[in-house]
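What follows is start37.json (JSON, C-alpha atoms).
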```json
[["chain", "number", "residue", "atom", "x", "y", "z"],
["A", 801, "MET", "CA", 87.35, -73.43, -13.67],
["A", 802, "ALA", "CA", 87.36, -75.55, -10.50],
["A", 803, "LYS", "CA", 83.79, -76.74, -11.13],
["A", 804, "LEU", "CA", 84.40, -77.85, -14.71],
["A", 805, "PRO", "CA", 84.08, -81.59, -15.39],
["A", 806, "LEU", "CA", 87.35, -81.34, -17.35],
["A", 807, "GLY", "CA", 90.34, -82.57, -15.41],
["A", 808, "GLN", "CA", 88.23, -84.37, -12.80],
["A", 809, "SER", "CA", 87.67, -88.08, -12.32],
["A", 810, "THR", "CA", 84.22, -88.87, -13.65],
["A", 811, "GLN", "CA", 81.90, -91.85, -13.66],
["A", 812, "TYR", "CA", 79.96, -92.28, -16.87],
["A", 813, "PRO", "CA", 76.22, -91.81, -16.31],
["A", 814, "GLN", "CA", 73.86, -94.74, -16.58],
["A", 815, "GLN", "CA", 70.72, -92.62, -16.79],
["A", 816, "TYR", "CA", 69.68, -89.69, -18.93],
["A", 817, "ASP", "CA", 70.65, -86.42, -17.22],
["A", 818, "PRO", "CA", 70.41, -83.03, -18.99],
["A", 819, "ASP", "CA", 71.93, -81.34, -15.95],
["A", 820, "LEU", "CA", 75.30, -82.77, -16.98],
["A", 821, "LEU", "CA", 75.61, -80.01, -19.59],
["A", 822, "PHE", "CA", 77.96, -77.35, -18.21],
["A", 823, "PRO", "CA", 77.52, -73.85, -19.70],
["A", 824, "ILE", "CA", 80.46, -71.42, -19.84],
["A", 825, "PRO", "CA", 79.67, -67.69, -20.21],
["A", 826, "ARG", "CA", 81.10, -66.33, -23.45],
["A", 827, "ALA", "CA", 81.28, -62.83, -21.95],
["A", 828, "ASP", "CA", 84.21, -63.73, -19.67],
["A", 829, "ASN", "CA", 86.68, -64.23, -22.51],
["A", 830, "ARG", "CA", 85.21, -61.49, -24.67],
["A", 831, "LYS", "CA", 85.95, -58.95, -21.97],
["A", 832, "LYS", "CA", 89.63, -59.85, -22.36],
["A", 833, "LEU", "CA", 89.30, -58.95, -26.05],
["A", 834, "GLY", "CA", 87.75, -55.59, -25.23],
["A", 835, "LEU", "CA", 84.26, -56.80, -26.17],
["A", 836, "HIS", "CA", 81.54, -56.03, -23.65],
["A", 837, "ASP", "CA", 77.92, -57.05, -23.26],
["A", 838, "SER", "CA", 76.78, -53.46, -23.71],
["A", 839, "GLY", "CA", 78.21, -53.20, -27.23],
["A", 840, "ALA", "CA", 77.48, -55.06, -30.43],
["A", 841, "LEU", "CA", 79.84, -57.90, -31.25],
["A", 842, "PRO", "CA", 82.14, -57.30, -34.24],
["A", 843, "PHE", "CA", 81.18, -60.69, -35.64],
["A", 844, "VAL", "CA", 78.42, -63.22, -36.04],
["A", 845, "GLY", "CA", 78.97, -66.92, -36.38],
["A", 846, "VAL", "CA", 78.37, -70.44, -35.26],
["A", 847, "ASP", "CA", 80.10, -73.28, -33.45],
["A", 848, "ILE", "CA", 79.64, -76.49, -35.45],
["A", 849, "TRP", "CA", 79.92, -79.58, -33.26],
["A", 850, "ASN", "CA", 80.15, -83.11, -34.63],
["A", 851, "ALA", "CA", 79.39, -86.00, -32.28],
["A", 852, "PHE", "CA", 80.52, -89.50, -33.24],
["A", 853, "GLU", "CA", 79.34, -91.40, -30.17],
["A", 854, "VAL", "CA", 75.57, -90.91, -30.16],
["A", 855, "SER", "CA", 73.48, -93.91, -29.17],
["A", 856, "TRP", "CA", 70.03, -94.50, -27.67],
["A", 857, "LEU", "CA", 67.38, -97.23, -27.44],
["A", 858, "ASN", "CA", 64.28, -97.65, -29.55],
["A", 859, "PRO", "CA", 60.97, -98.62, -27.85],
["A", 860, "LYS", "CA", 61.95, -102.30, -28.04],
["A", 861, "GLY", "CA", 65.26, -101.67, -26.29],
["A", 862, "LYS", "CA", 67.39, -102.14, -29.39],
["A", 863, "PRO", "CA", 70.42, -99.78, -29.49],
["A", 864, "GLN", "CA", 70.49, -97.17, -32.23],
["A", 865, "ILE", "CA", 73.46, -95.12, -33.44],
["A", 866, "ALA", "CA", 73.96, -92.00, -35.54],
["A", 867, "LEU", "CA", 76.31, -89.11, -36.06],
["A", 868, "ALA", "CA", 75.01, -85.80, -34.77],
["A", 869, "GLU", "CA", 75.73, -82.27, -35.95],
["A", 870, "PHE", "CA", 75.01, -79.32, -33.66],
["A", 871, "HIS", "CA", 75.01, -75.63, -34.58],
["A", 872, "VAL", "CA", 75.37, -73.36, -31.55],
["A", 873, "PRO", "CA", 75.07, -69.64, -32.45],
["A", 874, "ALA", "CA", 78.02, -67.44, -31.55],
["A", 875, "ASP", "CA", 75.68, -64.89, -29.95],
["A", 876, "SER", "CA", 74.33, -67.43, -27.44],
["A", 877, "PRO", "CA", 75.15, -66.36, -23.87],
["A", 878, "HIS", "CA", 76.94, -69.62, -23.18],
["A", 879, "MET", "CA", 79.05, -72.20, -24.92],
["A", 880, "ILE", "CA", 79.07, -75.80, -23.71],
["A", 881, "GLU", "CA", 82.06, -77.33, -21.97],
["A", 882, "SER", "CA", 83.14, -80.28, -24.10],
["A", 883, "LYS", "CA", 83.50, -83.02, -21.47],
["A", 884, "SER", "CA", 80.09, -82.20, -20.05],
["A", 885, "PHE", "CA", 78.70, -82.47, -23.59],
["A", 886, "LYS", "CA", 80.25, -85.93, -23.93],
["A", 887, "LEU", "CA", 78.88, -87.06, -20.57],
["A", 888, "TYR", "CA", 75.43, -85.76, -21.48],
["A", 889, "LEU", "CA", 75.42, -87.62, -24.80],
["A", 890, "ASN", "CA", 76.52, -90.81, -23.05],
["A", 891, "SER", "CA", 73.66, -90.42, -20.57],
["A", 892, "LEU", "CA", 71.33, -91.10, -23.52],
["A", 893, "ASN", "CA", 72.77, -94.57, -24.11],
["A", 894, "ASN", "CA", 70.13, -96.35, -22.01],
["A", 895, "ALA", "CA", 67.24, -93.95, -22.67],
["A", 896, "ARG", "CA", 64.33, -95.09, -24.85],
["A", 897, "PHE", "CA", 62.83, -92.80, -27.48],
["A", 898, "GLU", "CA", 59.77, -93.40, -29.60],
["A", 899, "SER", "CA", 61.57, -92.21, -32.71],
["A", 900, "GLU", "CA", 64.72, -90.56, -33.96],
["A", 901, "ASP", "CA", 62.81, -87.30, -34.21],
["A", 902, "ALA", "CA", 61.85, -87.57, -30.53],
["A", 903, "LEU", "CA", 65.53, -87.83, -29.66],
["A", 904, "ARG", "CA", 66.36, -84.88, -31.92],
["A", 905, "GLN", "CA", 63.75, -82.71, -30.22],
["A", 906, "ARG", "CA", 65.14, -83.68, -26.79],
["A", 907, "LEU", "CA", 68.66, -82.75, -27.91],
["A", 908, "ILE", "CA", 67.46, -79.38, -29.19],
["A", 909, "THR", "CA", 65.61, -78.62, -25.94],
["A", 910, "ASP", "CA", 68.42, -79.62, -23.58],
["A", 911, "ILE", "CA", 71.30, -77.98, -25.46],
["A", 912, "SER", "CA", 69.31, -74.82, -26.20],
["A", 913, "ASN", "CA", 68.57, -74.49, -22.49],
["A", 914, "ALA", "CA", 72.26, -74.81, -21.63],
["A", 915, "ALA", "CA", 73.41, -72.42, -24.37],
["A", 916, "GLY", "CA", 70.70, -69.88, -23.61],
["A", 917, "SER", "CA", 69.68, -69.67, -27.29],
["A", 918, "PRO", "CA", 68.00, -71.99, -29.81],
["A", 919, "ILE", "CA", 70.40, -74.43, -31.42],
["A", 920, "HIS", "CA", 70.00, -76.61, -34.49],
["A", 921, "THR", "CA", 70.85, -80.26, -34.84],
["A", 922, "ARG", "CA", 70.51, -83.17, -37.21],
["A", 923, "LEU", "CA", 71.16, -86.87, -36.92],
["A", 924, "THR", "CA", 72.78, -88.65, -39.85],
["A", 925, "PRO", "CA", 73.26, -92.39, -40.47],
["A", 926, "THR", "CA", 76.92, -93.35, -40.65],
["A", 927, "ASP", "CA", 76.66, -94.63, -44.23],
["A", 928, "HIS", "CA", 75.49, -91.19, -45.40],
["A", 929, "ILE", "CA", 78.60, -89.58, -43.93],
["A", 930, "ALA", "CA", 80.84, -92.14, -45.61],
["A", 931, "LYS", "CA", 79.40, -91.24, -49.01],
["A", 932, "LYS", "CA", 80.35, -87.59, -48.58],
["A", 933, "GLY", "CA", 84.06, -88.40, -48.41],
["A", 934, "MET", "CA", 86.77, -85.97, -47.35],
["A", 935, "GLN", "CA", 87.66, -82.48, -48.52],
["A", 936, "GLU", "CA", 90.43, -80.09, -47.63],
["A", 937, "MET", "CA", 89.89, -76.42, -46.90],
["A", 938, "SER", "CA", 90.43, -74.28, -49.97],
["A", 939, "GLY", "CA", 92.86, -71.37, -49.96],
["A", 940, "ILE", "CA", 96.52, -70.37, -50.23],
["A", 941, "LEU", "CA", 98.55, -72.66, -47.99],
["A", 942, "LEU", "CA", 100.60, -70.60, -45.53],
["A", 943, "ASP", "CA", 102.51, -73.72, -44.47],
["A", 944, "ARG", "CA", 104.48, -73.65, -47.74],
["A", 945, "LEU", "CA", 106.50, -70.68, -46.44],
["A", 946, "ASP", "CA", 110.08, -71.58, -45.48],
["A", 947, "ILE", "CA", 110.34, -69.36, -42.42],
["A", 948, "GLU", "CA", 112.50, -69.39, -39.33],
["A", 949, "VAL", "CA", 110.40, -69.10, -36.20],
["A", 950, "ASP", "CA", 110.76, -69.50, -32.45],
["A", 951, "PRO", "CA", 107.89, -71.89, -31.62],
["A", 952, "LEU", "CA", 108.08, -70.96, -27.92],
["A", 953, "LEU", "CA", 107.08, -67.34, -28.50],
["A", 954, "PRO", "CA", 103.42, -66.54, -27.74],
["A", 955, "ALA", "CA", 101.07, -65.19, -30.39],
["A", 956, "ASP", "CA", 102.02, -61.55, -31.00],
["A", 957, "PRO", "CA", 99.41, -59.41, -32.80],
["A", 958, "SER", "CA", 102.14, -56.94, -33.80],
["A", 959, "LEU", "CA", 103.33, -59.58, -36.30],
["A", 960, "LEU", "CA", 100.16, -58.93, -38.29],
["A", 961, "GLY", "CA", 100.32, -56.34, -41.03],
["A", 962, "VAL", "CA", 99.38, -55.48, -44.60],
["A", 963, "ASN", "CA", 101.17, -54.42, -47.75],
["A", 964, "GLN", "CA", 100.38, -50.74, -48.09],
["A", 965, "ASP", "CA", 101.60, -50.64, -51.70],
["A", 966, "PHE", "CA", 98.54, -52.52, -52.97],
["A", 967, "GLY", "CA", 94.85, -51.78, -52.93],
["A", 968, "PRO", "CA", 92.11, -54.04, -51.61],
["A", 969, "ILE", "CA", 92.00, -57.63, -52.84],
["A", 970, "GLU", "CA", 90.11, -60.78, -51.87],
["A", 971, "GLN", "CA", 92.20, -63.63, -50.51],
["A", 972, "CYS", "CA", 91.81, -66.84, -48.59],
["A", 973, "PHE", "CA", 94.59, -68.40, -46.50],
["A", 974, "VAL", "CA", 94.74, -71.86, -44.95],
["A", 975, "SER", "CA", 97.09, -73.32, -42.35],
["A", 976, "HIS", "CA", 97.18, -76.74, -40.72],
["A", 977, "LEU", "CA", 99.64, -75.59, -38.04],
["A", 978, "LEU", "CA", 97.18, -74.15, -35.54],
["A", 979, "LYS", "CA", 97.59, -75.75, -32.13],
["A", 980, "SER", "CA", 96.40, -74.62, -28.74],
["A", 981, "ASN", "CA", 95.95, -76.38, -25.41],
["A", 982, "CYS", "CA", 93.02, -77.07, -23.16],
["A", 983, "PRO", "CA", 93.13, -74.41, -20.41],
["A", 984, "VAL", "CA", 92.15, -76.99, -17.78],
["A", 985, "THR", "CA", 93.97, -80.23, -18.65],
["A", 986, "GLY", "CA", 96.78, -78.87, -20.84],
["A", 987, "GLN", "CA", 96.00, -81.47, -23.52],
["A", 988, "PRO", "CA", 96.82, -80.37, -27.09],
["A", 989, "ASP", "CA", 94.10, -79.24, -29.47],
["A", 990, "TRP", "CA", 95.00, -79.44, -33.16],
["A", 991, "ALA", "CA", 93.23, -77.57, -35.94],
["A", 992, "SER", "CA", 93.25, -76.34, -39.50],
["A", 993, "ILE", "CA", 92.24, -72.73, -40.01],
["A", 994, "GLN", "CA", 90.86, -70.80, -42.96],
["A", 995, "ILE", "CA", 91.01, -66.98, -43.12],
["A", 996, "ARG", "CA", 89.05, -65.16, -45.85],
["A", 997, "TYR", "CA", 89.25, -61.41, -46.18],
["A", 998, "GLN", "CA", 88.81, -58.42, -48.43],
["A", 999, "GLY", "CA", 91.29, -55.59, -47.95],
["A", 1000, "ARG", "CA", 94.93, -54.72, -48.42],
["A", 1001, "PRO", "CA", 97.08, -57.87, -48.76],
["A", 1002, "ILE", "CA", 97.91, -59.39, -45.40],
["A", 1003, "LEU", "CA", 101.61, -60.17, -44.98],
["A", 1004, "GLU", "CA", 101.81, -63.94, -45.15],
["A", 1005, "GLU", "CA", 104.93, -64.60, -43.08],
["A", 1006, "GLY", "CA", 103.71, -62.44, -40.21],
["A", 1007, "LEU", "CA", 100.31, -64.17, -40.25],
["A", 1008, "LEU", "CA", 101.89, -67.63, -40.14],
["A", 1009, "ARG", "CA", 104.22, -66.65, -37.29],
["A", 1010, "TYR", "CA", 101.24, -65.24, -35.40],
["A", 1011, "LEU", "CA", 99.24, -68.46, -35.82],
["A", 1012, "ILE", "CA", 102.17, -70.62, -34.73],
["A", 1013, "GLY", "CA", 102.29, -68.50, -31.56],
["A", 1014, "PHE", "CA", 99.09, -70.20, -30.33],
["A", 1015, "ARG", "CA", 101.10, -73.39, -29.88],
["A", 1016, "HIS", "CA", 101.38, -72.95, -26.10],
["A", 1017, "LYS", "CA", 98.23, -70.91, -25.50],
["A", 1018, "GLY", "CA", 95.79, -72.41, -23.02],
["A", 1019, "GLU", "CA", 92.35, -71.50, -24.30],
["A", 1020, "PHE", "CA", 89.12, -73.05, -25.52],
["A", 1021, "HIS", "CA", 88.58, -73.51, -29.27],
["A", 1022, "GLU", "CA", 85.92, -70.82, -29.52],
["A", 1023, "HIS", "CA", 88.07, -68.31, -27.64],
["A", 1024, "CYS", "CA", 91.08, -68.94, -29.90],
["A", 1025, "VAL", "CA", 89.06, -68.24, -33.04],
["A", 1026, "GLU", "CA", 87.57, -65.06, -31.59],
["A", 1027, "THR", "CA", 91.04, -63.90, -30.55],
["A", 1028, "ILE", "CA", 92.40, -64.51, -34.05],
["A", 1029, "PHE", "CA", 89.44, -62.72, -35.63],
["A", 1030, "THR", "CA", 89.73, -59.72, -33.27],
["A", 1031, "ASP", "CA", 93.51, -59.38, -33.71],
["A", 1032, "ILE", "CA", 93.39, -59.54, -37.52],
["A", 1033, "LYS", "CA", 90.49, -57.10, -37.62],
["A", 1034, "ARG", "CA", 92.31, -54.62, -35.41],
["A", 1035, "GLU", "CA", 95.80, -54.89, -36.90],
["A", 1036, "CYS", "CA", 95.00, -55.41, -40.60],
["A", 1037, "LYS", "CA", 91.68, -53.55, -40.84],
["A", 1038, "PRO", "CA", 90.16, -55.66, -43.62],
["A", 1039, "ASP", "CA", 86.86, -54.55, -45.09],
["A", 1040, "LYS", "CA", 85.53, -58.08, -44.68],
["A", 1041, "LEU", "CA", 86.82, -60.96, -42.59],
["A", 1042, "SER", "CA", 85.86, -64.58, -41.87],
["A", 1043, "VAL", "CA", 87.78, -67.04, -39.68],
["A", 1044, "TYR", "CA", 86.93, -70.74, -39.61],
["A", 1045, "ALA", "CA", 88.80, -73.41, -37.61],
["A", 1046, "ARG", "CA", 88.24, -77.14, -37.76],
["A", 1047, "TYR", "CA", 89.64, -78.94, -34.73],
["A", 1048, "THR", "CA", 90.44, -82.64, -34.54],
["A", 1049, "ARG", "CA", 88.13, -84.63, -32.34],
["A", 1050, "ARG", "CA", 88.67, -85.53, -28.70],
["A", 1051, "GLY", "CA", 86.29, -87.71, -26.73],
["A", 1052, "GLY", "CA", 84.14, -88.37, -29.77],
["A", 1053, "LEU", "CA", 83.51, -84.65, -30.38],
["A", 1054, "ASP", "CA", 85.01, -82.03, -32.63],
["A", 1055, "ILE", "CA", 84.30, -78.29, -32.42],
["A", 1056, "ASN", "CA", 84.55, -76.02, -35.45],
["A", 1057, "PRO", "CA", 84.02, -72.31, -34.69],
["A", 1058, "PHE", "CA", 83.23, -69.83, -37.47],
["A", 1059, "ARG", "CA", 83.22, -66.02, -37.10],
["A", 1060, "THR", "CA", 82.50, -63.41, -39.76],
["A", 1061, "ASP", "CA", 81.72, -59.70, -39.93],
["A", 1062, "HIS", "CA", 79.57, -59.72, -43.05],
["A", 1063, "ASN", "CA", 76.70, -61.56, -44.66],
["A", 1064, "SER", "CA", 78.73, -64.66, -45.43],
["A", 1065, "PRO", "CA", 77.04, -68.05, -45.72],
["A", 1066, "TRP", "CA", 77.84, -70.48, -42.93],
["A", 1067, "PRO", "CA", 80.66, -72.80, -44.05],
["A", 1068, "ASP", "CA", 80.13, -76.36, -45.16],
["A", 1069, "ASN", "CA", 80.67, -78.95, -42.47],
["A", 1070, "ILE", "CA", 83.43, -80.63, -44.48],
["A", 1071, "ARG", "CA", 85.68, -83.36, -43.11],
["A", 1072, "HIS", "CA", 89.38, -83.24, -43.89],
["A", 1073, "ALA", "CA", 92.12, -85.85, -43.60],
["A", 1074, "ARG", "CA", 92.94, -85.23, -39.94],
["A", 1075, "GLN", "CA", 89.31, -85.39, -38.90]]
```

Written as C-alpha cells, how would this file's structure read?
Amino acid sequence: MAKLPLGQSTQYPQQYDPDLLFPIPRADNRKKLGLHDSGALPFVGVDIWNAFEVSWLNPKGKPQIALAEFHVPADSPHMIESKSFKLYLNSLNNARFESEDALRQRLITDISNAAGSPIHTRLTPTDHIAKKGMQEMSGILLDRLDIEVDPLLPADPSLLGVNQDFGPIEQCFVSHLLKSNCPVTGQPDWASIQIRYQGRPILEEGLLRYLIGFRHKGEFHEHCVETIFTDIKRECKPDKLSVYARYTRRGGLDINPFRTDHNSPWPDNIRHARQ
C-alpha cells in the first residue's frame, strides 16, 4: 500500500504518461475470501468505470472533451488504482490526437496493459449522456425496513440466512445504504447495491444489517462487492446470484463492479440520483 498514489501528495502531470497507471493484483484480496489462483472463480463480471474529466487536444491544439466508459473484466489479473487512473487521464490533457478514435485506441492499449487483459471503452459527447436521463435501480427496497441496528458493528456473514419454509423464488433487492471507506485514505465511499438471486427467500432484515456492517470497512469497491457476493453465496446458497454496486464518483471517476455466477447479461450503465 505504501507505493500507492492514494494518500500521497501528487503533482498533476503535464505530459502524457501511461506509466502513471498503478495496477493492483486482484489475487491478494481473493485469497482472503478463500479464492485462489489455482481454482476457478465462483463468478464472472466486470468493473464499469465512468470518467467525467476526459480532455485532449485535436491536431490544431483545440481542447476536446468527452465522457468515457471503461469495462475492465473481473478475471483480469489486476484492477486499476483509482487515483492513478485519474492522474493518467489528466496526463492526456495536453496530448494531441489525430482523431477521437486514435485517443480511444490509446486508452484501450494503455489500460489493457495495466489490467493484464483486454478492456473495452467508448467516448460519449456530454449532450448524449444528458438525453439518457437518470434511472434508479429496480428491486425491493431494503431501506424501507424499520430495524434497530448498531451501525458500529462490522459486517457479519452469520446475519445472512434464508426462509427454509419456502421453495426457490426469484427476487431482487436494492439498498442505498452501502458505505465503505478507502483502505488508504479513510475517505468514505457511498454506493447503491442491487442483489438478484434465485433460491430460497433471503431474510431481508439480516441482509440489510449485513450490508450496513460495511459502514466502517476499509476496502476497495471491487473487493467489497466480491466479499458480499462470496458471503451470500456461502451462507444463503442461492442457485443463481448477481451483485451490482454503483458507487458515487470521487475525483471525476465512479466505479461500478458487477459479479454474477450465471449467464446474466452485463447490467446497463444507468445513472441514478446520487451519481

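Among A:His871, A:Arg1009, A:Arg1034, A:Lys886, the residue with the shortest atom-to-atom distance to Asn1069 in chain A, counting only C-alpha atoms, is A:His871.
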
*Could you check how far CA of Gly1006 in chain A sits from CA of Asp956 in chain A, in Å to one decimal?*
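Between CA of Gly1006 in chain A and CA of Asp956 in chain A the gap works out to 9.4 Å.
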
_Spatial neighbours of Glu1019 in chain A, max dist 8 Å, all atoms listed in the file, sep filter under 3 positions, as number ranges by chain_ = A: 980-983, 1023-1024

*Quick one: of A:Asn894, A:Gln971, A:Gln864, A:Ser876, who's nearest to Leu841 in chain A, counting all atoms listed in the file?*
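Closest to Leu841 in chain A of all the choices is A:Ser876.
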
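Interatomic distance, CA of Asp901 in chain A to CA of Leu889 in chain A: 15.7 Å.
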
*Could you tell me how far CA of Asn963 in chain A lies from CA of Pro1001 in chain A, in Å and to one decimal?*
5.4 Å

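The smallest atom-to-atom distance between Leu941 in chain A and any of A:Val974, A:Val872, A:Ile880, A:Val984, using all atoms listed in the file, is found for A:Val974.
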